[in-house]
$ cat work10.txt   # compact mmCIF, C-alpha atoms
# COMPACT_ATOMS: atom_id res chain seq x y z
CA MET R 1 0.00 0.00 0.00
CA SER R 2 1.42 3.35 -1.05
CA ARG R 3 1.73 6.11 1.52
CA ALA R 4 1.93 8.71 -1.22
CA GLU R 5 -0.88 11.23 -1.59
CA LYS R 6 -1.59 14.26 -3.74
CA VAL R 7 -0.69 17.47 -1.93
CA ILE R 8 -1.05 21.14 -2.77
CA LEU R 9 1.62 23.21 -0.99
CA THR R 10 1.08 26.90 -0.32
CA ASN R 11 2.41 29.54 2.05
CA MET R 12 1.32 32.65 3.91
CA CYS R 13 3.42 35.25 5.69
CA MET R 14 2.64 37.57 8.58
CA VAL R 15 4.88 40.61 8.08
CA TYR R 16 4.92 42.92 11.09
CA ASP R 17 6.82 45.97 12.28
CA ASP R 18 8.05 47.21 15.64
CA LYS R 19 5.11 49.62 15.99
CA GLY R 20 2.38 46.96 16.32
CA ASN R 21 1.35 46.99 12.65
CA ILE R 22 0.75 44.01 10.38
CA LEU R 23 0.72 43.85 6.59
CA VAL R 24 -2.58 42.60 5.19
CA GLN R 25 -4.01 41.94 1.76
CA GLU R 26 -7.62 42.44 0.72
CA ARG R 27 -8.00 39.49 -1.61
CA VAL R 28 -10.07 39.76 -4.76
CA ASN R 29 -10.33 35.97 -5.15
CA LYS R 30 -14.03 35.01 -5.20
CA ASP R 31 -13.28 31.63 -3.56
CA TRP R 32 -11.71 33.16 -0.44
CA PRO R 33 -12.29 36.95 -0.34
CA GLY R 34 -11.43 39.29 2.51
CA ILE R 35 -8.45 40.43 4.53
CA THR R 36 -5.61 37.94 4.98
CA PHE R 37 -1.81 37.80 4.85
CA PRO R 38 0.06 37.60 1.52
CA GLY R 39 1.14 34.22 0.20
CA GLY R 40 0.62 31.70 -2.55
CA HIS R 41 1.66 28.40 -4.10
CA VAL R 42 4.97 26.62 -3.70
CA GLU R 43 6.27 25.83 -7.18
CA PRO R 44 7.52 22.29 -7.97
CA GLY R 45 11.12 21.92 -6.80
CA GLU R 46 11.06 25.26 -4.93
CA SER R 47 12.12 25.50 -1.28
CA PHE R 48 9.42 26.57 1.16
CA VAL R 49 11.41 29.59 2.39
CA ARG R 50 12.22 30.78 -1.13
CA SER R 51 8.58 30.34 -2.13
CA VAL R 52 7.30 32.61 0.65
CA ILE R 53 9.96 35.24 -0.12
CA ARG R 54 8.92 35.15 -3.79
CA GLU R 55 5.19 35.27 -3.08
CA VAL R 56 5.47 38.19 -0.65
CA ARG R 57 7.59 40.12 -3.18
CA GLU R 58 5.14 39.40 -6.04
CA GLU R 59 2.09 40.42 -4.00
CA THR R 60 3.46 43.33 -1.94
CA GLY R 61 6.64 44.65 -3.53
CA LEU R 62 8.51 43.94 -0.28
CA THR R 63 11.47 41.62 0.07
CA VAL R 64 11.25 39.73 3.35
CA GLU R 65 14.23 38.29 5.14
CA ASN R 66 14.50 35.47 7.65
CA PRO R 67 10.89 34.23 7.43
CA ARG R 68 10.34 31.71 10.22
CA LEU R 69 7.99 28.76 9.96
CA CYS R 70 5.45 29.16 12.78
CA GLY R 71 2.68 26.69 11.91
CA VAL R 72 0.51 25.05 9.27
CA LYS R 73 -3.07 24.85 8.12
CA GLN R 74 -4.39 21.81 6.31
CA PHE R 75 -7.60 20.43 4.91
CA GLY R 76 -8.81 18.00 2.28
CA THR R 77 -10.05 19.23 -1.10
CA ARG R 78 -13.05 17.97 -3.08
CA ASP R 79 -10.59 16.18 -5.36
CA GLY R 80 -9.07 14.20 -2.48
CA GLU R 81 -5.88 16.26 -2.22
CA ARG R 82 -4.33 17.47 1.01
CA TYR R 83 -4.08 21.28 0.91
CA VAL R 84 -1.25 22.53 3.14
CA VAL R 85 -0.58 26.19 3.99
CA LEU R 86 2.82 26.79 5.60
CA PHE R 87 2.67 29.77 7.99
CA PHE R 88 5.70 32.06 8.18
CA LYS R 89 6.30 35.35 9.98
CA THR R 90 8.97 37.99 9.91
CA ASP R 91 9.69 41.56 10.95
CA ARG R 92 12.56 41.98 8.50
CA PHE R 93 11.65 43.51 5.15
CA SER R 94 12.72 46.14 2.63
CA GLY R 95 11.32 47.76 -0.49
CA GLU R 96 8.34 49.85 -1.55
CA LEU R 97 4.86 48.56 -0.77
CA CYS R 98 2.68 48.07 -3.85
CA SER R 99 -0.46 46.04 -4.52
CA SER R 100 -0.86 43.34 -7.16
CA ASP R 101 -3.59 41.54 -9.08
CA GLU R 102 -4.08 39.39 -5.96
CA GLY R 103 -5.45 42.38 -4.03
CA GLU R 104 -4.68 45.63 -2.26
CA VAL R 105 -1.99 45.47 0.43
CA PHE R 106 -1.74 47.87 3.36
CA TRP R 107 -0.57 48.19 6.95
CA ILE R 108 -3.01 48.16 9.87
CA PRO R 109 -2.54 48.15 13.63
CA ARG R 110 -2.78 44.54 14.82
CA SER R 111 -5.29 45.68 17.43
CA GLU R 112 -7.71 46.71 14.64
CA LEU R 113 -7.65 43.46 12.66
CA GLN R 114 -11.07 42.30 13.86
CA ASN R 115 -12.59 45.61 12.62
CA HIS R 116 -12.03 44.57 8.98
CA LYS R 117 -13.89 42.15 6.70
CA LEU R 118 -11.68 39.10 7.11
CA ALA R 119 -11.39 36.00 4.95
CA SER R 120 -13.29 33.08 6.46
CA ASP R 121 -11.43 31.35 9.33
CA PHE R 122 -8.62 33.93 9.17
CA LEU R 123 -8.83 34.89 12.87
CA ASP R 124 -8.35 31.22 13.78
CA MET R 125 -5.29 31.14 11.53
CA VAL R 126 -3.88 34.24 13.25
CA LYS R 127 -3.97 32.33 16.56
CA VAL R 128 -1.48 29.86 15.11
CA PHE R 129 0.75 32.68 13.84
CA GLU R 130 0.83 34.37 17.24
CA ASP R 131 0.52 31.62 19.87
CA ASP R 132 3.70 29.60 20.42
CA GLY R 133 1.55 27.01 22.20
CA CYS R 134 -0.14 25.84 18.99
CA SER R 135 1.23 24.93 15.60
CA GLU R 136 -1.60 23.64 13.43
CA PHE R 137 -5.02 24.70 12.19
CA TYR R 138 -6.68 21.53 10.95
CA TRP R 139 -10.00 21.04 9.16
CA SER R 140 -11.30 17.49 9.31
CA ASN R 141 -14.41 16.05 7.71
CA GLU R 142 -16.12 13.57 9.99
CA SER R 143 -19.27 11.97 8.60
CA GLY R 144 -19.84 14.87 6.20
CA GLU R 145 -19.40 17.55 8.90
CA TRP R 146 -16.41 19.90 8.75
CA LYS R 147 -14.69 20.48 12.07
CA ALA R 148 -11.92 23.02 12.75
CA GLU R 149 -9.25 22.33 15.35
CA ILE R 150 -6.32 24.38 16.56
CA LEU R 151 -3.61 22.01 17.77
$ encode --input "work10.txt" --output "structure tokens"
Amino acid sequence: MSRAEKVILTNMCMVYDDKGNILVQERVNKDWPGITFPGGHVEPGESFVRSVIREVREETGLTVENPRLCGVKQFGTRDGERYVVLFFKTDRFSGELCSSDEGEVFWIPRSELQNHKLASDFLDMVKVFEDDGCSEFYWSNESGEWKAEIL
């Protein structure tokens, strides 16, 4: 029996500064609209760290340094694939902020995040980014019912 499975690998990065601000993106994607952190797909053969640096640069104009893996999100797709989002965070960045086709990017105080229209389940994801006591946001489907867990 093979242990191999189809997997989609993606990333997301929480970029923050020393003034309590976080960089967010208002996504225009109809499948998952709202405020979230920048990120995207890991290309075949690409390292996870290089993929998040590339995605943040493509979507924000900023070059991040020293992104640190801080957790994961995973769920099963309708096609039977495992969809994995690798969570990174960093406070080291340079460049000029500019939006992309993915959506508008802007800085907000972290304390005001809940005052914005967020992508579904994004606040739960933020817990994993910020709480060193948890490392995974996991959606399971038990008997046709989706259940979210923070582990």
$ closest_residue --input "work10.txt" --among "R:Leu123, R:Arg110, R:Lys73, R:Ile53" --to "Asp18 in chain R" --atoms "all atoms listed in the file"
R:Arg110
$ closest_atom_pairs --input "work10.txt" --of "range 4-45 of chain R" --to "range 118-121 of chain R" --cutoff "8 Å" --atoms "only C-alpha atoms" --output "tab-separated table"
residue	atom	partner	partner_atom	distance
R:Trp32	CA	R:Ala119	CA	6.1
R:Pro33	CA	R:Ala119	CA	5.4
R:Gly34	CA	R:Ala119	CA	4.1
R:Ile35	CA	R:Leu118	CA	4.3
R:Thr36	CA	R:Ala119	CA	6.1
$ residues_around --input "work10.txt" --residues "Gly133 in chain R" --least-positions-apart "4" --cutoff "12 Å" --atoms "all atoms listed in the file" --output "PyMOL selection string"
chain R and resi 70-71+127-129+150-151
$ closest_residue --input "work10.txt" --among "R:Thr10, R:Ser99, R:Ser140, R:Asn115" --to "Ser47 in chain R" --atoms "all atoms listed in the file"
R:Thr10
$ residues_near_point --input "work10.txt" --point "(-17.1, 15.7, 1.5)" --cutoff "7 Å" --atoms "only C-alpha atoms" --output "PyMOL selection string"
chain R and resi 78+141+144
$ closest_residue --input "work10.txt" --among "R:Glu5, R:Val15, R:Pro67, R:Gln74" --to "Ser51 in chain R" --atoms "all atoms listed in the file"
R:Pro67
$ residues_around --input "work10.txt" --residues "Arg92 in chain R" --least-positions-apart "4" --cutoff "9 Å" --atoms "all atoms listed in the file" --output "list of chain:residue names"
R:Val15, R:Tyr16, R:Asp17, R:Thr63, R:Val64, R:Glu65, R:Asn66, R:Pro67
$ write_last_selection --input "work10.txt" --atoms "C-alpha atoms" --output "tab-separated table (two decimals), in the frame of the given file"
chain	number	residue	atom	x	y	z
R	15	VAL	CA	4.88	40.61	8.08
R	16	TYR	CA	4.92	42.92	11.09
R	17	ASP	CA	6.82	45.97	12.28
R	63	THR	CA	11.47	41.62	0.07
R	64	VAL	CA	11.25	39.73	3.35
R	65	GLU	CA	14.23	38.29	5.14
R	66	ASN	CA	14.50	35.47	7.65
R	67	PRO	CA	10.89	34.23	7.43
$ build_atoms --input "work10.txt" --residues "range 37-65 of chain R" --atoms "N, CA and C atoms" --output "mmCIF file, in the frame of the given file"
data_model
loop_
_atom_site.group_PDB
_atom_site.id
_atom_site.type_symbol
_atom_site.label_atom_id
_atom_site.label_comp_id
_atom_site.auth_asym_id
_atom_site.auth_seq_id
_atom_site.Cartn_x
_atom_site.Cartn_y
_atom_site.Cartn_z
ATOM 1 N N PHE R 37 -3.227 37.501 5.057
ATOM 2 C CA PHE R 37 -1.810 37.800 4.850
ATOM 3 C C PHE R 37 -1.422 37.381 3.437
ATOM 4 N N PRO R 38 -0.385 37.991 2.867
ATOM 5 C CA PRO R 38 0.060 37.600 1.520
ATOM 6 C C PRO R 38 0.645 36.182 1.520
ATOM 7 N N GLY R 39 0.574 35.562 0.363
ATOM 8 C CA GLY R 39 1.140 34.220 0.200
ATOM 9 C C GLY R 39 0.647 33.602 -1.086
ATOM 10 N N GLY R 40 1.031 32.367 -1.324
ATOM 11 C CA GLY R 40 0.620 31.700 -2.550
ATOM 12 C C GLY R 40 1.173 30.300 -2.646
ATOM 13 N N HIS R 41 1.265 29.784 -3.861
ATOM 14 C CA HIS R 41 1.660 28.400 -4.100
ATOM 15 C C HIS R 41 3.180 28.217 -4.086
ATOM 16 N N VAL R 42 3.581 27.063 -3.604
ATOM 17 C CA VAL R 42 4.970 26.620 -3.700
ATOM 18 C C VAL R 42 5.106 25.954 -5.063
ATOM 19 N N GLU R 43 6.064 26.405 -5.851
ATOM 20 C CA GLU R 43 6.270 25.830 -7.180
ATOM 21 C C GLU R 43 7.014 24.495 -7.066
ATOM 22 N N PRO R 44 6.801 23.577 -8.014
ATOM 23 C CA PRO R 44 7.520 22.290 -7.970
ATOM 24 C C PRO R 44 9.032 22.511 -7.895
ATOM 25 N N GLY R 45 9.670 21.826 -6.963
ATOM 26 C CA GLY R 45 11.120 21.920 -6.800
ATOM 27 C C GLY R 45 11.593 23.144 -6.022
ATOM 28 N N GLU R 46 10.700 24.019 -5.627
ATOM 29 C CA GLU R 46 11.060 25.260 -4.930
ATOM 30 C C GLU R 46 11.111 25.016 -3.412
ATOM 31 N N SER R 47 12.073 25.627 -2.743
ATOM 32 C CA SER R 47 12.120 25.500 -1.280
ATOM 33 C C SER R 47 10.957 26.283 -0.678
ATOM 34 N N PHE R 48 10.529 25.889 0.502
ATOM 35 C CA PHE R 48 9.420 26.570 1.160
ATOM 36 C C PHE R 48 9.776 28.009 1.496
ATOM 37 N N VAL R 49 10.982 28.231 2.024
ATOM 38 C CA VAL R 49 11.410 29.590 2.390
ATOM 39 C C VAL R 49 11.500 30.474 1.154
ATOM 40 N N ARG R 50 12.117 29.978 0.093
ATOM 41 C CA ARG R 50 12.220 30.780 -1.130
ATOM 42 C C ARG R 50 10.843 31.071 -1.720
ATOM 43 N N SER R 51 9.912 30.123 -1.575
ATOM 44 C CA SER R 51 8.580 30.340 -2.130
ATOM 45 C C SER R 51 7.859 31.475 -1.397
ATOM 46 N N VAL R 52 7.989 31.543 -0.086
ATOM 47 C CA VAL R 52 7.300 32.610 0.650
ATOM 48 C C VAL R 52 7.960 33.957 0.382
ATOM 49 N N ILE R 53 9.276 33.986 0.236
ATOM 50 C CA ILE R 53 9.960 35.240 -0.120
ATOM 51 C C ILE R 53 9.474 35.721 -1.481
ATOM 52 N N ARG R 54 9.389 34.809 -2.441
ATOM 53 C CA ARG R 54 8.920 35.150 -3.790
ATOM 54 C C ARG R 54 7.479 35.633 -3.778
ATOM 55 N N GLU R 55 6.605 34.893 -3.111
ATOM 56 C CA GLU R 55 5.190 35.270 -3.080
ATOM 57 C C GLU R 55 4.975 36.633 -2.418
ATOM 58 N N VAL R 56 5.630 36.894 -1.309
ATOM 59 C CA VAL R 56 5.470 38.190 -0.650
ATOM 60 C C VAL R 56 5.959 39.306 -1.576
ATOM 61 N N ARG R 57 7.076 39.106 -2.251
ATOM 62 C CA ARG R 57 7.590 40.120 -3.180
ATOM 63 C C ARG R 57 6.616 40.349 -4.334
ATOM 64 N N GLU R 58 6.082 39.272 -4.921
ATOM 65 C CA GLU R 58 5.140 39.400 -6.040
ATOM 66 C C GLU R 58 3.856 40.125 -5.628
ATOM 67 N N GLU R 59 3.382 39.880 -4.416
ATOM 68 C CA GLU R 59 2.090 40.420 -4.000
ATOM 69 C C GLU R 59 2.164 41.754 -3.272
ATOM 70 N N THR R 60 3.361 42.108 -2.755
ATOM 71 C CA THR R 60 3.460 43.330 -1.940
ATOM 72 C C THR R 60 4.554 44.292 -2.386
ATOM 73 N N GLY R 61 5.495 43.831 -3.172
ATOM 74 C CA GLY R 61 6.640 44.650 -3.530
ATOM 75 C C GLY R 61 7.754 44.610 -2.498
ATOM 76 N N LEU R 62 7.511 44.006 -1.347
ATOM 77 C CA LEU R 62 8.510 43.940 -0.280
ATOM 78 C C LEU R 62 9.338 42.669 -0.385
ATOM 79 N N THR R 63 10.603 42.781 -0.033
ATOM 80 C CA THR R 63 11.470 41.620 0.070
ATOM 81 C C THR R 63 11.624 41.299 1.548
ATOM 82 N N VAL R 64 11.124 40.124 1.947
ATOM 83 C CA VAL R 64 11.250 39.730 3.350
ATOM 84 C C VAL R 64 12.529 38.943 3.548
ATOM 85 N N GLU R 65 13.049 39.037 4.750
ATOM 86 C CA GLU R 65 14.230 38.290 5.140
ATOM 87 C C GLU R 65 13.905 37.455 6.366
#
